[in-house]
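Working notes for the structure below.
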Amino acid sequence: SGFVLMMLWAIGGVVAFCGAMSYAELGATLPKSGGEYYFLGRIYHPAAGFVSGWVSATVGFAAPTALAAITFSKYLSRALPGTPVTASAVGLVTILTLVHATHRRTSGGVQVAFTAIKVGLIVVFCIGAMLVAGDIQPIVFSPQQGDIALMTGGAFAVSLIYVSYAYTGWNVATYLSSELENPQRNLPRVLGGGTLLVALLYLALNFVFLKVAPIDAMRGQVEVGYIAAEFAFGSGIARIMGVILALLLISTVSAMIIAGPRVYQAIGQDHSLFAVFASTNRFEVPALAIYFQGVVPIIFIVTLSFEFILKFSGFILALNTLATVVGLFVLRWREPDRPRPFRAWGYPVTPIIFLALTGWTLWYVFTDAPLPGLLALGIIAAGLVSYALSARFDYTNAAATPQD
């Protein structure tokens with residue numbers, strides 16, 4: 001159903017935007033780097049913040065990095081047959097890790113350049129494909145009988161976890177709040193404007209994919225952009241587009257490698273057991289944390305399948321954001337007089353929409369495939385154990401330190 005598929009991406013955009021608005025208020029009210037690690041520790045308890053940071057350190061950034069790198073290598077191997085998939089994915093993560101571990105200016109410049117190229121090429125691709133495609137598919141985008149039943153069923157809910165993963169990154173700016181100029185003003189603009197732009201681009205891309213390529217040709221495939229380009233432009237141009245689409249994914253991997261280490265850095269600053277992650281080089285870049293961020297996704301790439309990484313990490317990341325948005329209500333109730341330079345648009349409707357749709361998705365994902373969900377809960381339990389060990393280590397160090 002063309003209507004249901006497009007609504008899937010539209011609703012995914014609504015969920016991401018509602019979450020972004022909630023995070024924008026939290027980030028403007030509590031303007032310190034660390035994202036969920038800082039928010040949950042500040043709102044609930046340091047243990048909650050530590051577990052959130054633990055999730056981010058072990059899964060939250062490593063899994064999206066691995067998935068984007070795998071997709072990059074899939075596109076590259078379709079465009080350039082014979083390209084080793086695993087080796088090219090590992091190579092991409094390694095190179096970007098080395099780039100971002102050097103200098104902040106180099107890091108930011110690479111990210112801005114690749115993001116600008118990505119947006120421009122997506123627009124060119126969409127317009128070009130619609131203009132030159134020989135066969136336009138007879139897919140209908142108006143609501144049809146049975147579409148509402150599809151949208152309220154378990155398959156739609158489970159599909160939302162995949163779409164939500166495509167929107168991963170709407171919360172990343174909160175991990176860099178302290179490094180933003182005037183975060184109280186700029187953070188809401190970055191989160192809200194960026195999420196809306198991404199939603200529009202995704203809707204345009206999926207409309208074009210469905211119009212220029214048969215659904216059966218794209219079913220179950222990772223590199224759907226290459227397939228659509230092949231039907232629209234022919235195999236020769238499709239190979240060029242495959243390389244371009246692979247290059248577009250570099251900015252996704254790059255963004256995760258930039259943001260993730262800031263969480264490790266915050267944990268290292270607060271917990272002496274992990275103090276090594278708080279160290280910086282002469283350019284004030286947390287190089288050791290960045291190197292660690294590069295190693296974990298490589299382990300995922302080498303050992304796990306694409307689908308398992310997605311379901312497992314999608315579940316645990318959704319739990320993380322769910323707890324954070326609930327924290328928006330807790331903070332308003334507990335500290336009603338605290339200055340709020342930005343208030344979430346449409347409060348309380350926007351955070352409620354986010355919580356309702358995310359909770360609905362989590363329930364269906366867990367009942368559909370309990371193993372990834374159970375593994376996610378195991379990661380959380382391991383985080384609690386690590387917090388207890390870290391707290392004991394900090395206590396022991398404090399007791400052994402002579403007092404004035």
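To be explicit about the labels: the chains of the structure tokens are called A, B, and onward in the order shown, and within each one the residues are counted from 1, while ligands get numbers from 1 in the order they are shown.
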
Quick one: contact table of range 54-145 of chain A to range 318-334 of chain A, 12 Å max, nearest atom pair and distance in Å to one decimal per residue, counting only C-alpha atoms, chain and number order, as a Markdown table?
```
| residue | atom | partner | partner_atom | distance |
| --- | --- | --- | --- | --- |
| A:Trp54 | CA | A:Asn320 | CA | 10.7 |
| A:Val55 | CA | A:Asn320 | CA | 8.0 |
| A:Ser56 | CA | A:Asn320 | CA | 8.9 |
| A:Val59 | CA | A:Asn320 | CA | 11.2 |
| A:Gly60 | CA | A:Asn320 | CA | 9.1 |
```

For Thr174 in chain A, please output as a tab-separated table (two decimals) with N, CA and C atoms, in the first residue's frame all residues within 10 Å (counting only C-alpha atoms; exclusion window: fewer than 5 positions along the same chain).
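Once everything was written out, this is out21.tsv:
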```tsv
chain	number	residue	atom	x	y	z
A	20	ALA	N	12.19	15.49	19.44
A	20	ALA	CA	13.14	16.59	19.32
A	20	ALA	C	12.67	17.82	20.11
A	23	TYR	N	13.31	17.10	23.78
A	23	TYR	CA	14.75	17.20	24.06
A	23	TYR	C	15.22	18.65	23.98
A	24	ALA	N	14.61	19.44	23.09
A	24	ALA	CA	15.02	20.85	22.97
A	24	ALA	C	14.76	21.59	24.28
A	26	LEU	N	14.54	20.17	27.31
A	26	LEU	CA	15.48	19.66	28.31
A	26	LEU	C	16.88	20.22	28.08
A	27	GLY	N	17.30	20.29	26.82
A	27	GLY	CA	18.64	20.77	26.51
A	27	GLY	C	18.81	22.25	26.79
A	28	ALA	N	17.75	23.05	26.56
A	28	ALA	CA	17.82	24.47	26.85
A	28	ALA	C	17.73	24.74	28.35
A	30	LEU	N	18.69	22.46	30.74
A	30	LEU	CA	19.88	21.86	31.35
A	30	LEU	C	20.99	21.83	30.30
A	31	PRO	N	21.59	22.99	29.98
A	31	PRO	CA	22.54	23.08	28.86
A	31	PRO	C	23.93	22.56	29.18
A	32	LYS	N	24.05	21.25	29.20
A	32	LYS	CA	25.35	20.62	29.42
A	32	LYS	C	25.46	19.41	28.51
A	33	SER	N	26.65	19.18	27.96
A	33	SER	CA	26.84	18.05	27.06
A	33	SER	C	26.59	16.72	27.79
A	34	GLY	N	26.21	15.71	27.00
A	34	GLY	CA	26.01	14.38	27.57
A	34	GLY	C	24.70	13.73	27.19
A	35	GLY	N	23.73	14.53	26.67
A	35	GLY	CA	22.46	13.95	26.24
A	35	GLY	C	21.73	13.24	27.35
A	36	GLU	N	21.24	12.03	27.04
A	36	GLU	CA	20.45	11.29	28.03
A	36	GLU	C	21.24	11.00	29.30
A	38	TYR	N	23.30	12.90	30.91
A	38	TYR	CA	23.17	14.04	31.84
A	38	TYR	C	21.72	14.23	32.27
A	39	PHE	N	20.78	14.14	31.31
A	39	PHE	CA	19.37	14.38	31.64
A	39	PHE	C	18.86	13.41	32.70
A	179	GLU	N	29.21	22.62	23.65
A	179	GLU	CA	30.07	23.08	22.57
A	179	GLU	C	29.32	23.96	21.57
A	180	LEU	N	28.00	24.11	21.76
A	180	LEU	CA	27.21	24.97	20.88
A	180	LEU	C	27.29	26.42	21.34
A	183	PRO	N	23.44	27.71	23.40
A	183	PRO	CA	22.62	26.51	23.26
A	183	PRO	C	21.14	26.73	23.55
A	187	LEU	N	19.90	25.32	20.18
A	187	LEU	CA	19.57	23.90	20.27
A	187	LEU	C	18.17	23.58	19.74
A	188	PRO	N	17.11	24.34	20.13
A	188	PRO	CA	15.79	24.06	19.56
A	188	PRO	C	15.75	24.21	18.04
A	190	VAL	N	18.29	23.73	15.94
A	190	VAL	CA	19.01	22.61	15.36
A	190	VAL	C	18.15	21.34	15.38
A	191	LEU	N	17.56	21.05	16.55
A	191	LEU	CA	16.77	19.83	16.70
A	191	LEU	C	15.50	19.87	15.86
A	259	ALA	N	29.64	12.45	18.00
A	259	ALA	CA	28.82	12.65	19.19
A	259	ALA	C	29.06	11.62	20.28
```

Practice task
Could you give me, as a PyMOL selection string, the residues within 12 Å of Gln269 in chain A, counting only C-alpha atoms and dropping anything in the same chain fewer than 3 positions from it?
Solution key: chain A and resi 33-34+38+50+262-266+272-280+286+289+394

Range 29-144 of chain A residues near range 213-222 of chain A within 12 Å, closest pair each, using only C-alpha atoms, as a tab-separated table:
```
residue	atom	partner	partner_atom	distance
A:Leu67	CA	A:Val222	CA	10.2
A:Ala68	CA	A:Val222	CA	10.5
A:Ala69	CA	A:Val222	CA	11.9
A:Ile70	CA	A:Val222	CA	9.3
A:Thr71	CA	A:Val222	CA	6.7
A:Phe72	CA	A:Val222	CA	9.8
A:Ser73	CA	A:Val222	CA	10.5
A:Lys74	CA	A:Val222	CA	7.4
A:Tyr75	CA	A:Val222	CA	8.4
A:Leu76	CA	A:Val222	CA	11.9
A:Ser77	CA	A:Val222	CA	11.9
A:Arg78	CA	A:Val222	CA	10.8
A:Ala129	CA	A:Ala213	CA	10.2
A:Met130	CA	A:Ala213	CA	11.0
A:Ala133	CA	A:Ala213	CA	9.2
A:Gly134	CA	A:Ala213	CA	10.3
A:Asp135	CA	A:Ala213	CA	8.3
A:Ile136	CA	A:Ala213	CA	7.8
A:Gln137	CA	A:Pro214	CA	6.6
A:Pro138	CA	A:Pro214	CA	9.2
A:Ile139	CA	A:Pro214	CA	9.0
```

Put those residues in a file: C-alpha atoms, as a short mmCIF file (atom, residue, chain, number, x, y, z; two decimals), in the first residue's frame.
```cif
data_model
loop_
_atom_site.label_atom_id
_atom_site.label_comp_id
_atom_site.auth_asym_id
_atom_site.auth_seq_id
_atom_site.Cartn_x
_atom_site.Cartn_y
_atom_site.Cartn_z
CA LEU A 67 24.55 -0.19 10.30
CA ALA A 68 25.40 2.90 8.26
CA ALA A 69 28.85 1.50 7.50
CA ILE A 70 27.35 -1.83 6.37
CA THR A 71 24.87 0.00 4.13
CA PHE A 72 27.73 2.10 2.73
CA SER A 73 29.62 -1.08 1.82
CA LYS A 74 26.49 -2.71 0.32
CA TYR A 75 25.98 0.26 -2.03
CA LEU A 76 29.65 0.32 -2.92
CA SER A 77 29.73 -3.41 -3.68
CA ARG A 78 26.65 -3.12 -5.96
CA ALA A 129 14.63 10.15 -11.37
CA MET A 130 11.11 11.48 -11.86
CA ALA A 133 12.32 7.32 -15.52
CA GLY A 134 10.87 5.37 -18.42
CA ASP A 135 8.24 3.37 -16.52
CA ILE A 136 6.35 5.09 -13.71
CA GLN A 137 4.89 2.49 -11.37
CA PRO A 138 1.09 2.42 -11.02
CA ILE A 139 1.21 2.68 -7.23
#
```

Handout entry: Separation of CA of Ile258 in chain A from CA of Thr115 in chain A in Å
Key =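 Answer for the CA of Thr115 in chain A to CA of Ile258 in chain A separation: 13.5 Å.
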
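Near Ala381 in chain A, within a cut-off of 12 Å and counting only C-alpha atoms, sit the residues Ala47, Ala48, Phe50, Val51, Ser52, Trp54, Val55, Ile316, Leu374, Leu375, Ala376, Leu377, Gly378, Ile379, Gly383, Leu384, Val385, Ser386, Tyr387 and Ala388 of chain A, with same-chain residues fewer than 2 positions away left out.
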
Practice task
Write down as a PyMOL selection string the residues belonging to range 9-57 of chain A that are assigned alpha helix (DSSP H) by DSSP computed on the backbone.
Solution key: chain A and resi 9-29+36-43+46-55

Find the residues of range 137-213 of chain A that sit at most 9 Å from range 6-12 of chain A; for each, write down the nearest two atoms and how far apart they are in Å, to one decimal. Count only C-alpha atoms. Sort by chain, then by number going up, and give it as CSV.
```
residue,atom,partner,partner_atom,distance
A:Phe141,CA,A:Met6,CA,7.7
A:Met151,CA,A:Leu8,CA,8.1
A:Phe156,CA,A:Leu8,CA,7.4
A:Ser159,CA,A:Leu8,CA,7.7
A:Leu160,CA,A:Gly12,CA,6.5
A:Ile161,CA,A:Gly12,CA,8.8
A:Val163,CA,A:Gly12,CA,6.0
A:Ser164,CA,A:Gly12,CA,5.8
A:Ala166,CA,A:Gly12,CA,8.9
A:Tyr167,CA,A:Gly12,CA,7.5
A:Ala199,CA,A:Ala10,CA,7.0
A:Leu200,CA,A:Ala10,CA,8.5
A:Tyr202,CA,A:Trp9,CA,7.0
A:Leu203,CA,A:Trp9,CA,6.4
A:Asn206,CA,A:Met6,CA,7.2
A:Phe207,CA,A:Met6,CA,7.3
```

Written file, previous selection with all heavy atoms, as a CSV table (one decimal), in the first residue's frame:
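To be explicit, this is the file written out as result.csv:
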```
chain,number,residue,atom,x,y,z
A,141,PHE,N,-1.3,6.4,-3.9
A,141,PHE,CA,-0.9,7.0,-2.6
A,141,PHE,C,-2.1,7.5,-1.8
A,141,PHE,O,-2.0,8.0,-0.7
A,141,PHE,CB,0.1,8.1,-2.8
A,141,PHE,CG,1.4,7.6,-3.3
A,141,PHE,CD1,1.8,7.8,-4.6
A,141,PHE,CD2,2.3,7.0,-2.4
A,141,PHE,CE1,3.1,7.3,-5.0
A,141,PHE,CE2,3.6,6.5,-2.8
A,141,PHE,CZ,3.9,6.7,-4.1
A,151,MET,N,-2.5,0.0,9.4
A,151,MET,CA,-1.7,1.0,10.2
A,151,MET,C,-1.9,0.8,11.7
A,151,MET,O,-1.1,1.3,12.5
A,151,MET,CB,-2.2,2.4,9.8
A,151,MET,CG,-1.7,2.9,8.4
A,151,MET,SD,-2.4,4.5,8.0
A,151,MET,CE,-1.7,5.5,9.3
A,156,PHE,N,2.9,-2.8,11.2
A,156,PHE,CA,3.2,-1.4,11.1
A,156,PHE,C,4.0,-1.0,12.3
A,156,PHE,O,5.0,-0.2,12.2
A,156,PHE,CB,1.8,-0.6,11.0
A,156,PHE,CG,2.0,0.8,10.7
A,156,PHE,CD1,2.0,1.2,9.4
A,156,PHE,CD2,2.2,1.8,11.7
A,156,PHE,CE1,2.1,2.6,9.0
A,156,PHE,CE2,2.3,3.1,11.4
A,156,PHE,CZ,2.3,3.5,10.0
A,159,SER,N,7.5,-2.2,11.9
A,159,SER,CA,8.2,-1.4,10.9
A,159,SER,C,8.6,-0.1,11.4
A,159,SER,O,9.6,0.5,10.9
A,159,SER,CB,7.2,-1.3,9.7
A,159,SER,OG,6.9,-2.5,9.1
A,160,LEU,N,7.9,0.5,12.3
A,160,LEU,CA,8.3,1.8,12.9
A,160,LEU,C,9.7,1.8,13.5
A,160,LEU,O,10.3,2.8,13.6
A,160,LEU,CB,7.2,2.3,13.9
A,160,LEU,CG,6.1,3.2,13.4
A,160,LEU,CD1,5.1,3.6,14.5
A,160,LEU,CD2,6.7,4.5,12.7
A,161,ILE,N,10.1,0.6,14.0
A,161,ILE,CA,11.4,0.5,14.7
A,161,ILE,C,12.5,0.7,13.6
A,161,ILE,O,13.5,1.3,13.8
A,161,ILE,CB,11.6,-0.8,15.4
A,161,ILE,CG1,12.6,-0.6,16.5
A,161,ILE,CG2,12.0,-1.9,14.5
A,161,ILE,CD1,12.2,0.2,17.7
A,163,VAL,N,12.0,2.4,10.7
A,163,VAL,CA,11.9,3.8,10.3
A,163,VAL,C,12.5,4.7,11.4
A,163,VAL,O,13.2,5.7,11.0
A,163,VAL,CB,10.4,4.2,10.0
A,163,VAL,CG1,10.3,5.7,9.8
A,163,VAL,CG2,9.9,3.5,8.8
A,164,SER,N,12.2,4.4,12.6
A,164,SER,CA,12.8,5.2,13.7
A,164,SER,C,14.3,5.2,13.6
A,164,SER,O,15.0,6.2,14.0
A,164,SER,CB,12.3,4.7,15.1
A,164,SER,OG,10.9,4.9,15.2
A,166,ALA,N,16.0,5.0,10.9
A,166,ALA,CA,16.4,5.9,9.8
A,166,ALA,C,16.5,7.3,10.3
A,166,ALA,O,17.3,8.1,9.8
A,166,ALA,CB,15.5,5.8,8.7
A,167,TYR,N,15.6,7.7,11.3
A,167,TYR,CA,15.6,9.0,11.9
A,167,TYR,C,16.7,9.2,13.0
A,167,TYR,O,16.8,10.3,13.6
A,167,TYR,CB,14.2,9.4,12.4
A,167,TYR,CG,13.3,9.8,11.3
A,167,TYR,CD1,12.3,8.9,10.9
A,167,TYR,CD2,13.3,11.0,10.8
A,167,TYR,CE1,11.4,9.2,9.9
A,167,TYR,CE2,12.4,11.4,9.8
A,167,TYR,CZ,11.4,10.5,9.4
A,167,TYR,OH,10.5,10.9,8.4
A,199,ALA,N,12.7,14.7,7.6
A,199,ALA,CA,11.4,14.1,7.4
A,199,ALA,C,11.0,14.4,5.9
A,199,ALA,O,10.5,13.5,5.2
A,199,ALA,CB,10.4,14.6,8.4
A,200,LEU,N,11.1,15.6,5.5
A,200,LEU,CA,10.7,16.0,4.1
A,200,LEU,C,11.6,15.2,3.1
A,200,LEU,O,11.1,14.7,2.1
A,200,LEU,CB,10.9,17.5,3.9
A,200,LEU,CG,9.8,18.3,4.7
A,200,LEU,CD1,10.2,19.8,4.5
A,200,LEU,CD2,8.4,18.1,4.2
A,202,TYR,N,13.1,12.3,3.5
A,202,TYR,CA,12.7,10.9,3.5
A,202,TYR,C,11.4,10.7,2.7
A,202,TYR,O,11.2,9.7,2.0
A,202,TYR,CB,12.6,10.4,4.9
A,202,TYR,CG,13.9,9.9,5.6
A,202,TYR,CD1,14.1,10.1,6.9
A,202,TYR,CD2,14.9,9.4,4.8
A,202,TYR,CE1,15.3,9.7,7.5
A,202,TYR,CE2,16.1,9.0,5.4
A,202,TYR,CZ,16.3,9.1,6.7
A,202,TYR,OH,17.4,8.7,7.3
A,203,LEU,N,10.4,11.5,2.9
A,203,LEU,CA,9.1,11.4,2.2
A,203,LEU,C,9.4,11.5,0.7
A,203,LEU,O,8.8,10.7,-0.1
A,203,LEU,CB,8.1,12.4,2.7
A,203,LEU,CG,7.6,12.2,4.1
A,203,LEU,CD1,6.8,13.4,4.6
A,203,LEU,CD2,6.6,11.0,4.1
A,206,ASN,N,11.2,8.3,-0.6
A,206,ASN,CA,10.4,7.1,-0.7
A,206,ASN,C,9.3,7.2,-1.7
A,206,ASN,O,8.9,6.2,-2.4
A,206,ASN,CB,9.8,6.8,0.7
A,206,ASN,CG,10.8,6.1,1.6
A,206,ASN,OD1,11.0,4.9,1.6
A,206,ASN,ND2,11.5,6.9,2.4
A,207,PHE,N,8.8,8.4,-1.9
A,207,PHE,CA,7.8,8.6,-3.0
A,207,PHE,C,8.5,8.3,-4.4
A,207,PHE,O,7.9,7.6,-5.2
A,207,PHE,CB,7.4,10.1,-3.0
A,207,PHE,CG,6.5,10.4,-4.2
A,207,PHE,CD1,5.1,10.2,-4.1
A,207,PHE,CD2,7.0,11.0,-5.3
A,207,PHE,CE1,4.3,10.5,-5.1
A,207,PHE,CE2,6.2,11.3,-6.4
A,207,PHE,CZ,4.8,11.1,-6.3
```
